[in-house]
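> Please find one structure pasted underneath; my questions will follow.
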There are 2 protein chains.
Amino acid sequence: MGRVAGHPFLLILFLFSIAITPSIALPKIKHYKWEVEYMFWSPDCVENIVMGINGQFPGPTIRANVGDTVVVELTNKLHTEGVVIHWHGILQRGSPWADGTASISQCAINPGETFTYRFVVDKAGTFFYHGHLGMQRSAGLYGSLIVDPEEGKNEPFHYDEEINLLLSDWWHQSVHKQEVGLSSNPMRWIGEPQTILINGRGQFNCSIAAKYHSGSKPCALKGGEQCAPFIMHVHPNKTVRIRISSTTALASLNFAIGNHQLLVVEADGNYVQPFRTSDIDIYSGESYSVLITTDQNPSENYWVSIGVRARRPNTPPGLTLLNYLPNSPAKLPILPPPETPDWEDFDRSKNFTFRIFSTMSSPKPPTRFDRRIFLLNTQNRLNGFTKWAINNVSLALPPTPYLGAMKYRLKTAFNQNPPPENFPSNYSIDIPPPNPNTTIGNGVYRFKLGETVDVILQNANMLNPNTSEIHPWHLHGHDFWVLGYGDGKFSTAVHGRKLNLKNPPLRNTVVIFPNGWTAIRFVADNPGVWAFHCHIEPHLHMGMGVVFAEGVEKVGRIPKKALACGVTAKALMKNPINPKP
Amino acid sequence: MGRVAGHPFLLILFLFSIAITPSIALPKIKHYKWEVEYMFWSPDCVENIVMGINGQFPGPTIRANVGDTVVVELTNKLHTEGVVIHWHGILQRGSPWADGTASISQCAINPGETFTYRFVVDKAGTFFYHGHLGMQRSAGLYGSLIVDPEEGKNEPFHYDEEINLLLSDWWHQSVHKQEVGLSSNPMRWIGEPQTILINGRGQFNCSIAAKYHSGSKPCALKGGEQCAPFIMHVHPNKTVRIRISSTTALASLNFAIGNHQLLVVEADGNYVQPFRTSDIDIYSGESYSVLITTDQNPSENYWVSIGVRARRPNTPPGLTLLNYLPNSPAKLPILPPPETPDWEDFDRSKNFTFRIFSTMSSPKPPTRFDRRIFLLNTQNRLNGFTKWAINNVSLALPPTPYLGAMKYRLKTAFNQNPPPENFPSNYSIDIPPPNPNTTIGNGVYRFKLGETVDVILQNANMLNPNTSEIHPWHLHGHDFWVLGYGDGKFSTAVHGRKLNLKNPPLRNTVVIFPNGWTAIRFVADNPGVWAFHCHIEPHLHMGMGVVFAEGVEKVGRIPKKALACGVTAKALMKNPINPKP
């Protein structure tokens with residue numbers, strides 16, 4: 001359209017063609033003005049401070065159609081903290097500076113300043129946004145971003161009603177204290193969350209399902225409380241699309257609805273081969289759409305239960321109701337809420353995860369890779385501090401964002417040596433690291449523009465014997481194909497040829513199971529610098545991430561504000577001299 | 001010396017003159033490398049997080065001689081917050097960019113970045129440093145800065161021993177929550193501090209003087225605790241200089257030592273006409289030196305008590321011991337600690353304050369002023385929020401620091417209209433503001449370089465009837481002469497000719513008493529932009545300050561890092577274009 005606009009005749013022809021084609025709508029600009037600030041809030045009936053946007057928690061939902069341009073003028077109303085917002089799952093083609101990752105795509109927005117994010121949403125799906133500086137996501141800086149197909153176009157499945165759920169976990173201890181604890185020697189772990197929030201709402205120290213559980217206190221909610229449950233209102237005998245995203249700081253969740261099967265149709269903004277399941281596991285950074293049919297007894301309501309998996313839970317399930325209208329939502333179901341599967345039944349989790357495949361019409365992966373890198377995930381020590389490391393490098397982000405530093409070739413901004421692409425072949429993933437010491441680094445994996453990259457994520461034993469945890473890895477700027485999973489150590493000879501090139505699901509987040517591996521493939525065709533990291537926020541805080549880059553020389557104009565810090569500011573600023581009188 | 005260095009012969013002569021003049025030492029460079037970070041600490045035996053420097057709380061003491069250059073390379077190790085450090089009482093002649101006030105003298109230092117402060121200390125005295133962004137001072141970012149006379153030169157009084165006390169107040173609620181409360185509608189006041197700290201040490205919920213007070217719990221300190229009292233060790237029959245600075249966020253303090261009179265000799269880094277007193281009042285931002293003679297029974301120790309004045313106290317006095325060596329510090333005094341005078345006995349406070357005069361040899365003020373501005377201090381409302389305002393303008397600092405914005409004449413950075421220099425003559429200071437609504441502003445009072453400025457600080461009634469509070473006003477970049485104080489409204493006709501031009505004390509901080517006025521005079525001869533504000537941190541947070549500027553066109557090179565934000569960054573950065581391949 002840029003070329004067309006430059007030629008008056010073609011422009012007229014183009015506009016005319018739109019006028020006579022009513023089924024195609026012009027892309028819109030969705031303009032938002034947001035102010036981020038801490039505010040008193042009671043997400044789980046206990047007053048605390050949360051990061052809100054325009055006085056709301058969670059932040060406002062963005063809703064746009066494919067092809068629209070989203071513009072968010074973000075003003076930082078915090079007193080001392082910087083802020084950025086990452087648009088999780090949006091590929092940012094042509095706008096890598098808008099990815100909202102501090103130290104990577106832009107300088108953090110200083111208190112009192114405004115930064116304008118501007119990006120095109122080019123794919124329908126269930127997305128969300130969140131802070132990406134320190135642990136501001138955990139502090140409550142998140143919201144939903146839903147992209148519908150272009151106007152006049154349909155999803156490849158039918159539904160009558162829609163409900164959107166953004167799941168998160170909540171601590172009573174401030175993230176500031178949590179950050180200090182994680183960075184202390186000895187490290188103090190943040191522990192399990194106090195509460196699971198559904199659209200920012202949960203109940204601490206009381207349960208809306210207390211009548212089914214002796215010992216739990218019933219909630220004395222009058223309605224209207226910030227912690228009153230988000231009730232899912234549906235009509236009987238309809239197909240309902242439920243969008244479910246997880247922006248938890250830590251918790252892996254399981255989602256189930258009493259009496260209702262779920263038909264999974266979307267994962268991370270990509271359609272998947274529909275399959276039926278009683279419940280889904282959802283890891284931090286993932287999103288799903290499921291369809292349900294409201295064909296149960298219409299005079300009843302049904303429990304929705306969201307419990308913790310993959311870590312020994314110490315958090316009651318988040319609960320709400322599927323409310324068959326016109327029943328009162330106060331009418332509690334006859335049966336108790338669905339039981340969350342045992343937290344350490346990883347076989348069950350794998351069974352679910354391994355059922356996810358792409359639809360027939362989804363793009364297929366290149367059959368060959370140009371480059372394959374292996375990333376060993378270990379927990380380590382550094383001078384008594386606890387770290388997570390990848391190939392024995394624990395990521396410490398530099399103060400100058402990579403994108404500007406690479407574009408302007410400022411080599412002091414970060415270590416110019418690339419980090420290791422592999423780990424010793426004799427490394428045993430079933431025992432604690434024999435040498436627990438790690439190193440700190442901020443080097444970049446640089447890809448040739450357009451090359452096909454395989455990443456083998458290799459999980460391992462932690463510092464304590466017989467411990468290994470799941471990690472959901474999230475890639476910025478790309479979707480990737482999940483070519484396979486396995487237990488133990490990946491072997492090119494054994495597993496390399498068995499990878500799924502037929503119908504691997506496209507995702508932006510994928511889990512590695514304890515002591516297992518996960519293989520992904522993507523095409524490095526999006527000029528920019530892109531974080532790839534464990535989406536568990538305290539793990540990232542402790543160094544569990546890497547930085548990818550490709551085609552930075554092709555990146556167009558970067559807004560000055562994204563560059564106005566660190567060595568990019570220094571290099572691009574004229575020598576301050578006295579102005580002429 | 002700059003000129004001398006340019007001429008070889010004179011340089012040799014100069015160096016030779018130093019070699020044969022052993023009493024004059026060359027100025028030194030005092031170089032410090034500091035890292036600021038939050039850390040777990042128990043300032044009052046209750047664990048919390050504090051802002052520490054190099055793992056210490058309070059931060060390291062800087063000690064230098066007049067003429068020395070202090071260089072502090074400050075690295076921000078916070079995760080999401082900017083940081084700056086203000087060198088309270090240092091005039092920063094020739095280095096206004098090193099004043100350490102966010103939004104005024106420099107861009108806040110971003111996480112991970114280092115900024116180098118470099119300034120000459122040109123006057124002996126008792127100073128301190130502290131954070132000047134948000135409420136980071138209250139979070140614990142402070143330490144002492146002691147300037148001795150040039151080597152070989154003496155103070156104008158004799159002493160054998162020296163003790164340095166930095167006083168502060170401490171809350172258990174995080175400053176992040178405090179900031180949210182102050183900025184909320186309705187405002188939530190921070191309340192009185194939990195504990196008074198002496199050199200960062202206090203005791204909550206227990207008392208080292210419990211045996212004298214039924215009902216208070218004795219402290220079970222083993223020694224070595226972070227909250228163990230800072231014992232003042234002295235030898236009998238000596239003259240001891242006690243330096244006392246207050247960096248409280250809120251509390252006005254009273255300092256007394258059992259059985260010992262205090263001889264006041266210094267205030268805010270200026271010698272004063274020595275006078276004897278049983279106790280001193282010290283407001284936030286002030287410093288004093290007092291001499292004591294350890295001529296009491298040498299087999300005893302004596303209480304040091306620091307209580308709250310000027311606000312209804314809800315904080316036990318800070319306590320420690322004057323320990324006559326070689327007595328054990330565990331030997332408690334016979335008598336109970338000195339009683340803090342009644343908090344609202346303002347006549348007593350005035351009696352003390354009005355006794356402070358300059359020494360004969362101190363510089364005298366110009367006999368005439370070129371300009372006199374009146375600053376009415378009021379508490380106000382703004383759309384339901386509570387504010388403090390000066391001439392009905394509540395200061396909201398802009399994101400771009402004034403110093404760079406004014407030097408580079410970037411007029412969008414702040415309101416170019418100067419704020420009002422007066423208030424309506426019929427304003428009644430004894431009743432709540434008839435129209436409580438205020439306005440927000442960020443204009444600057446601009447002075448001609450070298451002009452003599454009088455400021456009449458006029459206190460007034462707050463929002464509630466019959467309430468007026470003290471405010472200690474602190475001026476950056478200058479000392480000022482305190483020409484007088486009075487109750488009620490200042491009248492030029494009545495009070496204007498009675499001001500003290502004979503021996504007014506030079507200070508950098510001065511109090512206004514409830515419903516009273518204070519008159520100060522200074523010469524605007526220091527090119528730069530300078531904050532003048534209430535040193536009560538939550539009051540400043542709520543807008544209680546103004547900005548002065550003079551001779552900014554004479555300011556020399558400002559480090560790029562001080563300018564790398566806001567509109568200065570934008571204006572000074574080249575248009576980011578692709579580098580040549």
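Labels for the structure tokens follow display order: chains A, B, ..., residues from 1 in each chain, ligands from 1.
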Once you count only C-alpha atoms, what closest atom pair and distance in Å to one decimal does each residue of chain A within 8 Å of chain B have, with rows by chain and rising residue number, as JSON lines?

{"residue": "A:Tyr38", "atom": "CA", "partner": "B:Val180", "partner_atom": "CA", "distance": 6.3}
{"residue": "A:Met39", "atom": "CA", "partner": "B:Val180", "partner_atom": "CA", "distance": 6.1}
{"residue": "A:Phe40", "atom": "CA", "partner": "B:Val180", "partner_atom": "CA", "distance": 7.3}
{"residue": "A:Ile49", "atom": "CA", "partner": "B:Lys177", "partner_atom": "CA", "distance": 6.9}
{"residue": "A:His79", "atom": "CA", "partner": "B:Gly134", "partner_atom": "CA", "distance": 5.6}
{"residue": "A:Thr80", "atom": "CA", "partner": "B:Glu81", "partner_atom": "CA", "distance": 5.1}
{"residue": "A:Glu81", "atom": "CA", "partner": "B:Glu81", "partner_atom": "CA", "distance": 4.0}
{"residue": "A:Gly82", "atom": "CA", "partner": "B:Thr80", "partner_atom": "CA", "distance": 5.8}
{"residue": "A:Val83", "atom": "CA", "partner": "B:Thr80", "partner_atom": "CA", "distance": 7.8}
{"residue": "A:Asn110", "atom": "CA", "partner": "B:Pro399", "partner_atom": "CA", "distance": 7.5}
{"residue": "A:Pro111", "atom": "CA", "partner": "B:Pro399", "partner_atom": "CA", "distance": 6.6}
{"residue": "A:Gly112", "atom": "CA", "partner": "B:Pro399", "partner_atom": "CA", "distance": 5.0}
{"residue": "A:Glu113", "atom": "CA", "partner": "B:Pro399", "partner_atom": "CA", "distance": 6.1}
{"residue": "A:Leu133", "atom": "CA", "partner": "B:Thr80", "partner_atom": "CA", "distance": 6.5}
{"residue": "A:Gly134", "atom": "CA", "partner": "B:His79", "partner_atom": "CA", "distance": 5.5}
{"residue": "A:Lys177", "atom": "CA", "partner": "B:Ile49", "partner_atom": "CA", "distance": 6.9}
{"residue": "A:Glu179", "atom": "CA", "partner": "B:His79", "partner_atom": "CA", "distance": 7.7}
{"residue": "A:Val180", "atom": "CA", "partner": "B:Met39", "partner_atom": "CA", "distance": 6.1}
{"residue": "A:Gly181", "atom": "CA", "partner": "B:Phe40", "partner_atom": "CA", "distance": 7.9}
{"residue": "A:Ser184", "atom": "CA", "partner": "B:Met39", "partner_atom": "CA", "distance": 7.5}
{"residue": "A:Pro398", "atom": "CA", "partner": "B:Gly112", "partner_atom": "CA", "distance": 6.8}
{"residue": "A:Pro399", "atom": "CA", "partner": "B:Gly112", "partner_atom": "CA", "distance": 5.0}
{"residue": "A:Lys407", "atom": "CA", "partner": "B:Asn578", "partner_atom": "CA", "distance": 7.4}
{"residue": "A:Tyr408", "atom": "CA", "partner": "B:Pro579", "partner_atom": "CA", "distance": 6.2}
{"residue": "A:Glu553", "atom": "CA", "partner": "B:Asn578", "partner_atom": "CA", "distance": 7.7}
{"residue": "A:Gly556", "atom": "CA", "partner": "B:Asn578", "partner_atom": "CA", "distance": 7.6}
{"residue": "A:Arg557", "atom": "CA", "partner": "B:Ile577", "partner_atom": "CA", "distance": 6.6}
{"residue": "A:Ile558", "atom": "CA", "partner": "B:Pro576", "partner_atom": "CA", "distance": 7.0}
{"residue": "A:Pro559", "atom": "CA", "partner": "B:Pro576", "partner_atom": "CA", "distance": 7.8}
{"residue": "A:Lys560", "atom": "CA", "partner": "B:Lys570", "partner_atom": "CA", "distance": 6.5}
{"residue": "A:Lys561", "atom": "CA", "partner": "B:Lys570", "partner_atom": "CA", "distance": 7.3}
{"residue": "A:Ala564", "atom": "CA", "partner": "B:Ala564", "partner_atom": "CA", "distance": 5.9}
{"residue": "A:Cys565", "atom": "CA", "partner": "B:Ala564", "partner_atom": "CA", "distance": 6.1}
{"residue": "A:Gly566", "atom": "CA", "partner": "B:Glu113", "partner_atom": "CA", "distance": 7.0}
{"residue": "A:Ala569", "atom": "CA", "partner": "B:Ala564", "partner_atom": "CA", "distance": 6.1}
{"residue": "A:Lys570", "atom": "CA", "partner": "B:Lys560", "partner_atom": "CA", "distance": 6.5}
{"residue": "A:Leu572", "atom": "CA", "partner": "B:Met573", "partner_atom": "CA", "distance": 5.1}
{"residue": "A:Met573", "atom": "CA", "partner": "B:Met573", "partner_atom": "CA", "distance": 4.0}
{"residue": "A:Lys574", "atom": "CA", "partner": "B:Leu572", "partner_atom": "CA", "distance": 5.5}
{"residue": "A:Asn575", "atom": "CA", "partner": "B:Lys560", "partner_atom": "CA", "distance": 7.6}
{"residue": "A:Pro576", "atom": "CA", "partner": "B:Arg557", "partner_atom": "CA", "distance": 6.8}
{"residue": "A:Ile577", "atom": "CA", "partner": "B:Arg557", "partner_atom": "CA", "distance": 6.6}
{"residue": "A:Asn578", "atom": "CA", "partner": "B:Lys407", "partner_atom": "CA", "distance": 7.4}
{"residue": "A:Pro579", "atom": "CA", "partner": "B:Tyr408", "partner_atom": "CA", "distance": 6.2}
> May I have the selected residues written with C-alpha atoms, as a short mmCIF file (atom, residue, chain, number, x, y, z; two decimals), in the first residue's frame?

data_model
loop_
_atom_site.label_atom_id
_atom_site.label_comp_id
_atom_site.auth_asym_id
_atom_site.auth_seq_id
_atom_site.Cartn_x
_atom_site.Cartn_y
_atom_site.Cartn_z
CA TYR A 38 0.61 1.81 41.40
CA MET A 39 -2.73 1.90 43.14
CA PHE A 40 -4.36 0.35 46.13
CA ILE A 49 -0.77 -2.18 45.75
CA HIS A 79 7.42 7.77 40.94
CA THR A 80 10.83 6.15 40.62
CA GLU A 81 10.52 3.13 38.32
CA GLY A 82 10.88 2.79 34.59
CA VAL A 83 8.31 0.81 32.66
CA ASN A 110 11.27 7.08 32.61
CA PRO A 111 8.82 8.41 35.21
CA GLY A 112 6.71 11.17 33.71
CA GLU A 113 7.58 10.29 30.13
CA LEU A 133 11.21 -4.84 33.35
CA GLY A 134 12.22 -6.35 36.68
CA LYS A 177 11.01 -7.49 48.37
CA GLU A 179 13.46 -9.10 43.86
CA VAL A 180 15.73 -8.43 46.82
CA GLY A 181 15.21 -11.97 48.09
CA SER A 184 20.32 -12.10 48.01
CA PRO A 398 22.94 -4.75 29.98
CA PRO A 399 21.71 -1.20 30.64
CA LYS A 407 22.12 -1.18 14.83
CA TYR A 408 24.69 1.51 15.63
CA GLU A 553 21.04 -3.90 9.71
CA GLY A 556 14.30 0.87 9.91
CA ARG A 557 14.04 4.00 11.98
CA ILE A 558 14.05 3.38 15.71
CA PRO A 559 12.29 6.12 17.71
CA LYS A 560 14.78 8.30 19.59
CA LYS A 561 13.04 7.58 22.84
CA ALA A 564 17.83 7.61 24.79
CA CYS A 565 19.82 5.72 27.39
CA GLY A 566 23.15 4.06 27.88
CA ALA A 569 22.33 7.97 23.96
CA LYS A 570 25.99 8.77 24.41
CA LEU A 572 23.96 9.64 19.21
CA MET A 573 24.05 12.81 21.31
CA LYS A 574 25.99 15.74 19.95
CA ASN A 575 28.69 17.01 22.22
CA PRO A 576 26.73 19.30 24.47
CA ILE A 577 28.12 22.75 23.79
CA ASN A 578 26.76 26.12 24.69
CA PRO A 579 24.01 27.23 22.36
#
> Write down as a VMD selection string the residues of stretch 360-467 of chain B whose backbone DSSP state falls under strand (DSSP E or B).
chain B and resid 371 to 382 385 to 390 393 to 395 437 439 to 441 445 to 447 451 to 458
> Residues near A:Ser245, anyone? I mean within 6 Å using only C-alpha atoms, not counting same-chain ones fewer than 5 positions away, as a list in words.
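Final neighbour list, sorted by chain and number: Leu166, Leu167, Glu286 and Ser287 of chain A.
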> Take the selection from the previous step and output its residues with C-alpha atoms, as a PDB file, in the first residue's frame.

ATOM      1  CA  LEU A 166      -6.613 -13.935  31.868  1.00  0.00           C
ATOM      2  CA  LEU A 167      -5.056 -16.048  34.617  1.00  0.00           C
ATOM      3  CA  GLU A 286       0.628 -19.717  26.874  1.00  0.00           C
ATOM      4  CA  SER A 287      -2.866 -19.083  25.617  1.00  0.00           C
TER       5      SER A 287
END
> For A:Glu162, which residue among A:His213, A:Trp97, A:Asp44, A:Arg241 is the nearest when counting only C-alpha atoms?
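Going through A:His213, A:Trp97, A:Asp44, A:Arg241 one by one, the smallest distance to A:Glu162 is for A:Arg241.
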> Name all residues at most 7 Å from stretch 66-75 of chain A (count only C-alpha atoms; drop same-chain ones fewer than 4 positions away) and give them as JSON, numbers by chain.
{"A": [27, 28, 29, 30, 31, 32, 33, 34, 35, 36, 112, 113, 114, 115, 116, 117, 118, 119, 120, 121, 122, 123, 124, 147, 148, 149, 150]}
> Using only C-alpha atoms, which of the listed residues (B:Val511, B:Ile429, B:Leu395, B:Leu26) sits closest to B:Phe352?
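Between B:Val511, B:Ile429, B:Leu395, B:Leu26, the residue approaching B:Phe352 most closely is B:Val511.
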> Apply DSSP to the backbone of this structure and, from stretch 449-503 of chain B, keep only the residues in helix (DSSP H, G or I); write these as a PyMOL selection string.
chain B and resi 492-498
> Can I get the selected residues back with all heavy atoms, as a PDB file, in the first residue's frame?

ATOM      1  N   THR B 492       5.744  44.213  55.476  1.00  0.00           N
ATOM      2  CA  THR B 492       6.937  44.954  55.068  1.00  0.00           C
ATOM      3  C   THR B 492       7.089  46.204  55.926  1.00  0.00           C
ATOM      4  O   THR B 492       8.193  46.537  56.384  1.00  0.00           O
ATOM      5  CB  THR B 492       6.828  45.335  53.576  1.00  0.00           C
ATOM      6  OG1 THR B 492       6.634  44.133  52.840  1.00  0.00           O
ATOM      7  CG2 THR B 492       8.081  46.038  53.095  1.00  0.00           C
ATOM      8  N   ALA B 493       5.984  46.875  56.164  1.00  0.00           N
ATOM      9  CA  ALA B 493       6.038  48.121  56.939  1.00  0.00           C
ATOM     10  C   ALA B 493       6.525  47.845  58.357  1.00  0.00           C
ATOM     11  O   ALA B 493       7.397  48.548  58.885  1.00  0.00           O
ATOM     12  CB  ALA B 493       4.663  48.777  56.964  1.00  0.00           C
ATOM     13  N   VAL B 494       5.986  46.798  58.974  1.00  0.00           N
ATOM     14  CA  VAL B 494       6.306  46.537  60.388  1.00  0.00           C
ATOM     15  C   VAL B 494       7.636  45.797  60.528  1.00  0.00           C
ATOM     16  O   VAL B 494       8.508  46.173  61.298  1.00  0.00           O
ATOM     17  CB  VAL B 494       5.173  45.724  61.056  1.00  0.00           C
ATOM     18  CG1 VAL B 494       5.534  45.393  62.505  1.00  0.00           C
ATOM     19  CG2 VAL B 494       3.854  46.461  60.959  1.00  0.00           C
ATOM     20  N   HIS B 495       7.780  44.691  59.763  1.00  0.00           N
ATOM     21  CA  HIS B 495       8.931  43.812  59.983  1.00  0.00           C
ATOM     22  C   HIS B 495      10.105  44.113  59.059  1.00  0.00           C
ATOM     23  O   HIS B 495      11.239  43.779  59.366  1.00  0.00           O
ATOM     24  CB  HIS B 495       8.518  42.349  59.787  1.00  0.00           C
ATOM     25  CG  HIS B 495       7.303  41.964  60.589  1.00  0.00           C
ATOM     26  ND1 HIS B 495       6.105  41.618  60.009  1.00  0.00           N
ATOM     27  CD2 HIS B 495       7.106  41.910  61.924  1.00  0.00           C
ATOM     28  CE1 HIS B 495       5.216  41.337  60.938  1.00  0.00           C
ATOM     29  NE2 HIS B 495       5.784  41.510  62.122  1.00  0.00           N
ATOM     30  N   GLY B 496       9.812  44.720  57.928  1.00  0.00           N
ATOM     31  CA  GLY B 496      10.825  44.897  56.889  1.00  0.00           C
ATOM     32  C   GLY B 496      12.061  45.622  57.401  1.00  0.00           C
ATOM     33  O   GLY B 496      13.181  45.306  56.999  1.00  0.00           O
ATOM     34  N   ARG B 497      11.872  46.568  58.295  1.00  0.00           N
ATOM     35  CA  ARG B 497      13.031  47.351  58.746  1.00  0.00           C
ATOM     36  C   ARG B 497      13.661  46.786  60.005  1.00  0.00           C
ATOM     37  O   ARG B 497      14.658  47.302  60.489  1.00  0.00           O
ATOM     38  CB  ARG B 497      12.632  48.805  58.923  1.00  0.00           C
ATOM     39  CG  ARG B 497      11.578  49.034  59.999  1.00  0.00           C
ATOM     40  CD  ARG B 497      11.077  50.470  59.948  1.00  0.00           C
ATOM     41  NE  ARG B 497      10.276  50.692  58.725  1.00  0.00           N
ATOM     42  CZ  ARG B 497       9.687  51.856  58.438  1.00  0.00           C
ATOM     43  NH1 ARG B 497       9.855  52.904  59.215  1.00  0.00           N
ATOM     44  NH2 ARG B 497       8.947  51.972  57.364  1.00  0.00           N
ATOM     45  N   LYS B 498      13.055  45.755  60.562  1.00  0.00           N
ATOM     46  CA  LYS B 498      13.604  45.174  61.800  1.00  0.00           C
ATOM     47  C   LYS B 498      14.430  43.914  61.545  1.00  0.00           C
ATOM     48  O   LYS B 498      14.786  43.205  62.482  1.00  0.00           O
ATOM     49  CB  LYS B 498      12.460  44.830  62.755  1.00  0.00           C
ATOM     50  CG  LYS B 498      11.718  46.047  63.280  1.00  0.00           C
ATOM     51  CD  LYS B 498      10.680  45.624  64.305  1.00  0.00           C
ATOM     52  CE  LYS B 498       9.763  46.772  64.665  1.00  0.00           C
ATOM     53  NZ  LYS B 498       8.511  46.315  65.268  1.00  0.00           N
TER      54      LYS B 498
END
> How far is it from atom CA of B:Trp87 to atom CA of B:Thr126, in Å with one decimal?
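Atom-to-atom, atom CA of B:Trp87 and atom CA of B:Thr126 are spaced 11.3 Å apart.
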> Between A:Gln178, A:Thr518, A:Thr340, A:Gln379, single out the one closest to A:Asp454, counting only C-alpha atoms.
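With only C-alpha atoms as the atom set, the closest residue is A:Thr518.
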> Quick check, in Å to one decimal: how far apart do atom CA of B:Gly89 and atom CA of B:Val552 lie?
20.1 Å
> Can you tell me how far atom CA of B:Ile53 sits from atom CA of B:Arg201, in Å to one decimal?
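One can read the atom CA of B:Ile53 to atom CA of B:Arg201 distance as 15.9 Å.
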> Write out as a PyMOL selection string the residues lying within 9 Å of A:Phe255, counting only C-alpha atoms and excluding same-chain residues fewer than 2 positions away.
chain A and resi 244+253+257+278-282+304-307+340
> Filtering to N, CA and C atoms, could you give me those residues as a PDB file, in the first residue's frame?

ATOM      1  N   ILE A 244      -8.299 -18.460  27.104  1.00  0.00           N
ATOM      2  CA  ILE A 244      -7.603 -18.606  28.391  1.00  0.00           C
ATOM      3  C   ILE A 244      -6.136 -18.287  28.159  1.00  0.00           C
ATOM      4  N   LEU A 253      -0.801 -23.997  35.530  1.00  0.00           N
ATOM      5  CA  LEU A 253      -2.197 -24.130  35.938  1.00  0.00           C
ATOM      6  C   LEU A 253      -2.899 -25.235  35.170  1.00  0.00           C
ATOM      7  N   ILE A 257     -13.838 -27.367  33.859  1.00  0.00           N
ATOM      8  CA  ILE A 257     -15.199 -26.919  34.155  1.00  0.00           C
ATOM      9  C   ILE A 257     -16.024 -28.159  34.479  1.00  0.00           C
ATOM     10  N   SER A 278     -10.892 -33.197  29.117  1.00  0.00           N
ATOM     11  CA  SER A 278     -11.654 -32.814  30.314  1.00  0.00           C
ATOM     12  C   SER A 278     -11.081 -31.546  30.945  1.00  0.00           C
ATOM     13  N   ASP A 279      -9.787 -31.273  30.682  1.00  0.00           N
ATOM     14  CA  ASP A 279      -9.139 -30.139  31.327  1.00  0.00           C
ATOM     15  C   ASP A 279      -7.888 -29.807  30.524  1.00  0.00           C
ATOM     16  N   ILE A 280      -7.388 -28.636  30.681  1.00  0.00           N
ATOM     17  CA  ILE A 280      -6.125 -28.296  30.015  1.00  0.00           C
ATOM     18  C   ILE A 280      -5.102 -27.858  31.052  1.00  0.00           C
ATOM     19  N   ASP A 281      -3.849 -28.158  30.735  1.00  0.00           N
ATOM     20  CA  ASP A 281      -2.736 -27.546  31.457  1.00  0.00           C
ATOM     21  C   ASP A 281      -2.359 -26.283  30.706  1.00  0.00           C
ATOM     22  N   ILE A 282      -2.066 -25.229  31.454  1.00  0.00           N
ATOM     23  CA  ILE A 282      -1.613 -24.008  30.789  1.00  0.00           C
ATOM     24  C   ILE A 282      -0.443 -23.426  31.584  1.00  0.00           C
ATOM     25  N   VAL A 304     -15.966 -23.691  37.777  1.00  0.00           N
ATOM     26  CA  VAL A 304     -14.737 -23.565  36.997  1.00  0.00           C
ATOM     27  C   VAL A 304     -13.601 -23.555  38.011  1.00  0.00           C
ATOM     28  N   SER A 305     -12.653 -24.448  37.824  1.00  0.00           N
ATOM     29  CA  SER A 305     -11.585 -24.593  38.812  1.00  0.00           C
ATOM     30  C   SER A 305     -10.225 -24.491  38.132  1.00  0.00           C
ATOM     31  N   ILE A 306      -9.352 -23.704  38.720  1.00  0.00           N
ATOM     32  CA  ILE A 306      -8.019 -23.491  38.147  1.00  0.00           C
ATOM     33  C   ILE A 306      -6.982 -23.769  39.227  1.00  0.00           C
ATOM     34  N   GLY A 307      -6.377 -24.953  39.144  1.00  0.00           N
ATOM     35  CA  GLY A 307      -5.451 -25.384  40.185  1.00  0.00           C
ATOM     36  C   GLY A 307      -4.006 -25.361  39.719  1.00  0.00           C
ATOM     37  N   THR A 340      -8.238 -30.742  40.824  1.00  0.00           N
ATOM     38  CA  THR A 340      -7.046 -30.545  39.999  1.00  0.00           C
ATOM     39  C   THR A 340      -6.227 -31.829  40.010  1.00  0.00           C
TER      40      THR A 340
END
> Give me the residues near stretch 295-301 of chain B as a list in words, where near means some atom within 9 Å (using only C-alpha atoms) and where sequence neighbours in that chain fewer than 4 positions away do not count.
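Residues near the query, excluding close chain neighbours: His235, Pro236, Asn237, Lys238, Thr239, Asn259, His260, Leu321, Leu322, Asn323, Tyr324, Leu325, Pro326, Asn327, Ser328, Pro329, Ala330, Lys331, Leu332, Pro333 and Ile334 of chain B.
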> Give me the residues near B:Thr277 as a list in words, where near means some atom within 7 Å (using only C-alpha atoms) and where sequence neighbours in that chain fewer than 4 positions away do not count.
Gln261, Leu262 and Leu263 of chain B
